Amino acid sequence: MKLRRWSGYGRSRRVSRFCSLFSIVLGGAAFLAASERGAFAQSPCERFDPGSTVSEPEDLYSTDGVLSVDFTYQTYQDGTGKTYFCFINSDGAESPTLHVRPGDVLKLKLTNLIPEQPGKVHGMPEMEMARAGEGGCGAASMTASSVNIHYHGTNTPPTCHQDEVIHTLINSGETFQYEVHFPKDEPPGLYWYHPHIHGLTTAAVTGGASGALVVEGIENVNHRVAGLAQRVLVVREEPTLTPPDDESATNLSVNYVQILGPDFLPAKIEMKPEEKQFWRVVNSAAHSILDLQLQYDNILQPIELIALDSVPLGSQDGSGRGKSQRLTHILIPPAGRAEFIVKGPSSDVADARLITEAVTTGPDGDLDPTRTLLSIQTSSAGARSSDITHVPTASGPRPAERFAGLANVTPNRTRKLYFSEDETYFYITVNGQTPKPFSMDDPPSIVTTQGSVEDWTIENRAQENHEFHMHQIHFLALARNGKALPPDEQQFLDTINVPYWRGQGPYPSVTLRMDFRGPDVGDFVYHCHILDHEDGGMMAIIRVLPKTSVSDLKSVKSTAAKKSTQR
């Protein structure tokens, strides 16, 4: 798909303008077609009024090593013209939380109920729908209503019917069977799922098609969470009718309770006075960076951080026992996750809230102002028992350490990559290669071998923030702007914020240790997880060859060298 920026629309949301308009047209056409069939007597994508009390998503648990789920993918346009997308379980629940254990299999059947749309939509910028091509999985050609699912953060195979997103296409009326095998050393923690069709991700994720995925067992890594009441809180963005201008902020929601401007009335949550709870937060927003702070009567409160991006802190140092950090704020980039313990306010506190503080994202960036996400109410009863679950008591052995010893490994190779933009596209480029927008037909930009460990430095040469995300593996954050991070900030992540360039001086950068020692081989992607940017071309393919394929690696390098010479 080619996305041409609209003249006079200078911020990063210039691509969002297309995505918003495209989702309105697609959703409206789908709604009309479905209404003719009588399919949507009520909205399949339920939303809750501002100020409502947060409810937990439905929980689905594996049994005997298998979790079987039957989803439909649907869309709906409300009375104001806003377009929503959603995954609906067979019992009618939207975006349930999927619970598995290391070594389990997720069998997820997905049926796409969005009516077929033509490849070109009247009034939209030029669109070129891709073909799956060689190695395709599902449909042969992409359409404007295609869907697939990415199991974000999981170290599952990038193969057909598992976590393959480059060539997996599920078109209108089609049913596709996923069978995702979680490794036995998958870290216990919080993951999530969402569509990943290149060119359509912004509309789908902003429309609400996302949910949490929990790999169980964190209580056996860090006993501090054992037995605590837990909440899964999915922060999403809300679709808009018109593109935001330079002075407007993105609307958010928490578990589908809307937080809408200009007043941004927060969602409500109930706790017993001074009760400790384990909060598991997914930032599934397409653009917004969250800077979470807990405030009681305007006084910052400590937050006890347990895990980031599904990896418990300290769990990979050889001890197998998790650690915690006491912080007063937690930065969560789009697609990031944070799991932490909070202590509820006393009954004397008049105003208790969880806020996201303003984040400066650069002169070309999005507007992320201060907003209150949750208003915390206290009562002796606390939340209804039906609205909350508890972490199990610690009962099992500590899990295997997936990334053990990575900090002490000498890397096989170092690389430099950089984010950049022009007036047409967004790019992520390996240093020495020519910037180009992503296409599903692209060859890999990087080829490596299973068992390798590499250090990558990611520079941001644009005047807005970008968020580096890696599929299939985690990385260890080593340095920022060339300076080693303090030990307690050298975390295992799958998404990291790279701040904007100020127009002079060195480019901001992060240095990451990439871990290819696991079982995952094949083609997968890395990209910016501000989804406008990914849809606009800021993505590329990496190929991990099996250890026995060194000759294949030489062949790929030779072919790449010939193409470079021909240019």
# chains A, B, ... in the order shown; residues from 1 in each chain; ligands from 1

call {"tool": "residues_around", "arguments": {"residues": "Arg280 of chain A", "least_positions_apart": "2", "cutoff": "8 Å", "atoms": "only C-alpha atoms", "output": "list in words"}}
result
Leu190, Gln230, Arg231, Val232, Leu233, Phe278, Val282, Arg337, Ala338, Glu339 and Phe340 of chain A

call {"tool": "write_last_selection", "arguments": {"atoms": "N, CA and C atoms", "output": "short mmCIF file (atom, residue, chain, number, x, y, z; two decimals), in the first residue's frame"}}
result
data_model
loop_
_atom_site.label_atom_id
_atom_site.label_comp_id
_atom_site.auth_asym_id
_atom_site.auth_seq_id
_atom_site.Cartn_x
_atom_site.Cartn_y
_atom_site.Cartn_z
N LEU A 190 2.86 -10.52 31.01
CA LEU A 190 1.77 -9.93 30.24
C LEU A 190 2.19 -9.69 28.79
N GLN A 230 -5.64 -8.94 41.32
CA GLN A 230 -4.98 -8.45 40.12
C GLN A 230 -6.00 -7.84 39.17
N ARG A 231 -5.51 -6.86 38.39
CA ARG A 231 -6.34 -6.22 37.38
C ARG A 231 -5.57 -6.17 36.08
N VAL A 232 -6.23 -6.55 35.00
CA VAL A 232 -5.68 -6.39 33.65
C VAL A 232 -6.31 -5.13 33.07
N LEU A 233 -5.47 -4.13 32.78
CA LEU A 233 -5.94 -2.82 32.31
C LEU A 233 -5.36 -2.57 30.93
N PHE A 278 -2.18 -6.00 42.26
CA PHE A 278 -1.21 -6.20 41.18
C PHE A 278 -1.87 -5.76 39.89
N VAL A 282 -1.42 -2.85 29.71
CA VAL A 282 -1.01 -2.90 28.31
C VAL A 282 -1.25 -1.53 27.69
N ARG A 337 4.32 -3.02 27.98
CA ARG A 337 3.52 -3.47 29.11
C ARG A 337 4.30 -3.26 30.40
N ALA A 338 3.59 -2.95 31.46
CA ALA A 338 4.18 -2.81 32.78
C ALA A 338 3.28 -3.50 33.80
N GLU A 339 3.91 -4.25 34.71
CA GLU A 339 3.18 -4.96 35.76
C GLU A 339 3.74 -4.49 37.09
N PHE A 340 2.87 -4.02 37.98
CA PHE A 340 3.35 -3.38 39.19
C PHE A 340 2.33 -3.50 40.32
#

call {"tool": "select_by_dssp", "arguments": {"residues": "segment 449-544 of chain A", "states": "alpha helix (DSSP H)", "output": "VMD selection string"}}
result
chain A and resid 531 to 535

call {"tool": "closest_atom_pairs", "arguments": {"of": "segment 270-358 of chain A", "to": "segment 380-404 of chain A", "cutoff": "9 Å", "atoms": "only C-alpha atoms", "output": "Markdown table"}}
result
| residue | atom | partner | partner_atom | distance |
| --- | --- | --- | --- | --- |
| A:Glu270 | CA | A:Ala383 | CA | 5.1 |
| A:Met271 | CA | A:Gly382 | CA | 4.3 |
| A:Lys272 | CA | A:Gly382 | CA | 4.4 |
| A:Pro273 | CA | A:Ser380 | CA | 6.9 |
| A:Glu275 | CA | A:Gly382 | CA | 8.7 |
| A:Gln277 | CA | A:His390 | CA | 8.9 |
| A:Phe278 | CA | A:Val391 | CA | 8.1 |
| A:Ser315 | CA | A:Glu401 | CA | 7.1 |
| A:Gln316 | CA | A:Ala404 | CA | 4.9 |
| A:Asp317 | CA | A:Ala404 | CA | 6.2 |
| A:Gly318 | CA | A:Ala404 | CA | 6.4 |
| A:Gly320 | CA | A:Arg398 | CA | 6.1 |
| A:Arg321 | CA | A:Arg398 | CA | 7.4 |

call {"tool": "write_last_selection", "arguments": {"atoms": "all heavy atoms", "output": "short mmCIF file (atom, residue, chain, number, x, y, z; two decimals), in the first residue's frame"}}
result
data_model
loop_
_atom_site.label_atom_id
_atom_site.label_comp_id
_atom_site.auth_asym_id
_atom_site.auth_seq_id
_atom_site.Cartn_x
_atom_site.Cartn_y
_atom_site.Cartn_z
N GLU A 270 -12.46 0.65 41.93
CA GLU A 270 -12.77 0.55 43.35
C GLU A 270 -11.75 -0.34 44.05
O GLU A 270 -11.37 -1.39 43.54
CB GLU A 270 -14.18 0.01 43.56
CG GLU A 270 -15.27 0.93 43.01
CD GLU A 270 -16.67 0.35 43.17
OE1 GLU A 270 -16.77 -0.86 43.48
OE2 GLU A 270 -17.64 1.10 43.01
N MET A 271 -11.32 0.11 45.25
CA MET A 271 -10.37 -0.65 46.07
C MET A 271 -10.76 -0.51 47.54
O MET A 271 -11.40 0.47 47.93
CB MET A 271 -8.94 -0.12 45.90
CG MET A 271 -8.38 -0.19 44.50
SD MET A 271 -6.70 0.51 44.39
CE MET A 271 -5.74 -0.71 45.30
N LYS A 272 -10.33 -1.46 48.34
CA LYS A 272 -10.42 -1.29 49.78
C LYS A 272 -9.33 -0.32 50.22
O LYS A 272 -8.28 -0.22 49.59
CB LYS A 272 -10.23 -2.63 50.48
CG LYS A 272 -11.29 -3.66 50.18
CD LYS A 272 -10.97 -4.98 50.86
CE LYS A 272 -12.02 -6.03 50.51
NZ LYS A 272 -11.70 -7.35 51.12
N PRO A 273 -9.55 0.43 51.29
CA PRO A 273 -8.52 1.36 51.76
C PRO A 273 -7.19 0.64 52.01
O PRO A 273 -7.16 -0.40 52.69
CB PRO A 273 -9.11 1.93 53.05
CG PRO A 273 -10.58 1.79 52.88
CD PRO A 273 -10.78 0.52 52.11
N GLU A 275 -5.45 -1.23 50.30
CA GLU A 275 -5.33 -2.58 49.74
C GLU A 275 -4.20 -2.62 48.72
O GLU A 275 -4.04 -1.72 47.91
CB GLU A 275 -6.64 -2.98 49.07
CG GLU A 275 -6.60 -4.34 48.37
CD GLU A 275 -7.85 -4.62 47.55
OE1 GLU A 275 -8.63 -3.67 47.30
OE2 GLU A 275 -8.04 -5.79 47.17
N GLN A 277 -2.77 -4.23 45.33
CA GLN A 277 -3.23 -4.94 44.14
C GLN A 277 -2.10 -5.00 43.13
O GLN A 277 -1.19 -4.16 43.11
CB GLN A 277 -4.44 -4.23 43.52
CG GLN A 277 -5.70 -4.31 44.33
CD GLN A 277 -6.92 -3.77 43.58
OE1 GLN A 277 -6.81 -3.21 42.49
NE2 GLN A 277 -8.09 -3.93 44.18
N PHE A 278 -2.18 -6.00 42.26
CA PHE A 278 -1.21 -6.20 41.18
C PHE A 278 -1.87 -5.76 39.89
O PHE A 278 -2.83 -6.37 39.43
CB PHE A 278 -0.82 -7.69 41.12
CG PHE A 278 0.24 -8.01 40.12
CD1 PHE A 278 1.36 -7.21 39.94
CD2 PHE A 278 0.15 -9.17 39.35
CE1 PHE A 278 2.35 -7.54 39.03
CE2 PHE A 278 1.13 -9.51 38.44
CZ PHE A 278 2.23 -8.69 38.28
N SER A 315 14.74 -11.70 36.67
CA SER A 315 14.45 -13.13 36.52
C SER A 315 15.43 -13.86 35.63
O SER A 315 15.36 -15.09 35.50
CB SER A 315 13.04 -13.33 35.97
OG SER A 315 12.94 -12.79 34.65
N GLN A 316 16.36 -13.13 34.98
CA GLN A 316 17.27 -13.75 34.02
C GLN A 316 18.73 -13.68 34.49
O GLN A 316 19.65 -13.83 33.69
CB GLN A 316 17.14 -13.06 32.67
CG GLN A 316 15.73 -12.98 32.14
CD GLN A 316 15.15 -14.34 31.78
OE1 GLN A 316 15.78 -15.13 31.10
NE2 GLN A 316 13.94 -14.61 32.25
N ASP A 317 18.94 -13.45 35.79
CA ASP A 317 20.30 -13.25 36.29
C ASP A 317 20.93 -14.51 36.87
O ASP A 317 22.00 -14.45 37.48
CB ASP A 317 20.32 -12.14 37.34
CG ASP A 317 19.49 -12.48 38.58
OD1 ASP A 317 18.92 -13.59 38.64
OD2 ASP A 317 19.43 -11.63 39.50
N GLY A 318 20.28 -15.64 36.69
CA GLY A 318 20.81 -16.89 37.21
C GLY A 318 20.15 -17.35 38.49
O GLY A 318 20.19 -18.53 38.81
N GLY A 320 16.86 -16.86 39.08
CA GLY A 320 15.50 -17.25 38.77
C GLY A 320 14.47 -16.58 39.65
O GLY A 320 13.28 -16.89 39.56
N ARG A 321 14.89 -15.68 40.51
CA ARG A 321 13.98 -15.01 41.42
C ARG A 321 13.82 -13.56 41.01
O ARG A 321 14.80 -12.85 40.78
CB ARG A 321 14.51 -15.08 42.85
CG ARG A 321 14.54 -16.49 43.42
CD ARG A 321 13.15 -17.12 43.39
NE ARG A 321 13.13 -18.46 43.96
CZ ARG A 321 12.12 -19.31 43.84
NH1 ARG A 321 11.05 -18.94 43.13
NH2 ARG A 321 12.16 -20.51 44.37
#

call {"tool": "atom_distance", "arguments": {"atom1": "atom CA of Ser439 of chain A", "atom2": "atom CA of Asp494 of chain A"}}
result
22.4 Å

call {"tool": "residues_around", "arguments": {"residues": "Gly103 of chain A", "least_positions_apart": "4", "cutoff": "9 Å", "atoms": "only C-alpha atoms", "output": "list in words"}}
result
Gly65, His181, Phe182, Pro183, Lys184, Asp185 and Glu186 of chain A

call {"tool": "write_last_selection", "arguments": {"atoms": "N, CA, C and O atoms", "output": "PDB file, in the first residue's frame"}}
result
ATOM      1  N   GLY A  65      -3.018 -28.141  28.927  1.00  0.00           N
ATOM      2  CA  GLY A  65      -2.026 -27.677  27.963  1.00  0.00           C
ATOM      3  C   GLY A  65      -2.576 -27.073  26.698  1.00  0.00           C
ATOM      4  O   GLY A  65      -1.800 -26.730  25.797  1.00  0.00           O
ATOM      5  N   HIS A 181       2.304 -22.411  19.411  1.00  0.00           N
ATOM      6  CA  HIS A 181       3.020 -23.209  20.405  1.00  0.00           C
ATOM      7  C   HIS A 181       3.936 -22.304  21.237  1.00  0.00           C
ATOM      8  O   HIS A 181       4.894 -21.729  20.719  1.00  0.00           O
ATOM      9  N   PHE A 182       3.638 -22.195  22.522  1.00  0.00           N
ATOM     10  CA  PHE A 182       4.460 -21.389  23.413  1.00  0.00           C
ATOM     11  C   PHE A 182       5.623 -22.234  23.926  1.00  0.00           C
ATOM     12  O   PHE A 182       5.420 -23.368  24.372  1.00  0.00           O
ATOM     13  N   PRO A 183       6.841 -21.696  23.874  1.00  0.00           N
ATOM     14  CA  PRO A 183       7.981 -22.479  24.355  1.00  0.00           C
ATOM     15  C   PRO A 183       7.898 -22.732  25.853  1.00  0.00           C
ATOM     16  O   PRO A 183       7.252 -21.983  26.591  1.00  0.00           O
ATOM     17  N   LYS A 184       8.557 -23.775  26.303  1.00  0.00           N
ATOM     18  CA  LYS A 184       8.528 -24.113  27.722  1.00  0.00           C
ATOM     19  C   LYS A 184       9.261 -23.089  28.575  1.00  0.00           C
ATOM     20  O   LYS A 184       9.033 -23.023  29.790  1.00  0.00           O
ATOM     21  N   ASP A 185      10.129 -22.283  27.946  1.00  0.00           N
ATOM     22  CA  ASP A 185      10.840 -21.256  28.703  1.00  0.00           C
ATOM     23  C   ASP A 185      10.285 -19.862  28.424  1.00  0.00           C
ATOM     24  O   ASP A 185      10.974 -18.865  28.621  1.00  0.00           O
ATOM     25  N   GLU A 186       9.021 -19.773  27.991  1.00  0.00           N
ATOM     26  CA  GLU A 186       8.390 -18.459  27.784  1.00  0.00           C
ATOM     27  C   GLU A 186       8.274 -17.762  29.133  1.00  0.00           C
ATOM     28  O   GLU A 186       7.708 -18.312  30.082  1.00  0.00           O
TER      29      GLU A 186
END

call {"tool": "closest_residue", "arguments": {"among": "A:Pro443, A:Gly537, A:Gly482, A:Pro266", "to": "Ser52 of chain A", "atoms": "only C-alpha atoms"}}
result
A:Pro266

call {"tool": "select_by_dssp", "arguments": {"residues": "segment 59-267 of chain A", "states": "strand (DSSP E)", "output": "JSON, numbers by chain"}}
result
{"A": [59, 60, 61, 66, 67, 68, 69, 70, 71, 72, 73, 74, 75, 76, 77, 83, 84, 85, 86, 87, 88, 89, 97, 98, 99, 100, 105, 106, 107, 108, 109, 110, 111, 112, 137, 138, 150, 151, 152, 168, 169, 175, 176, 177, 178, 179, 180, 181, 189, 190, 191, 192, 193, 194, 211, 212, 213, 214, 215, 229, 230, 231, 232, 233, 234, 235, 236, 237, 252, 253, 254, 257, 258, 259, 267]}
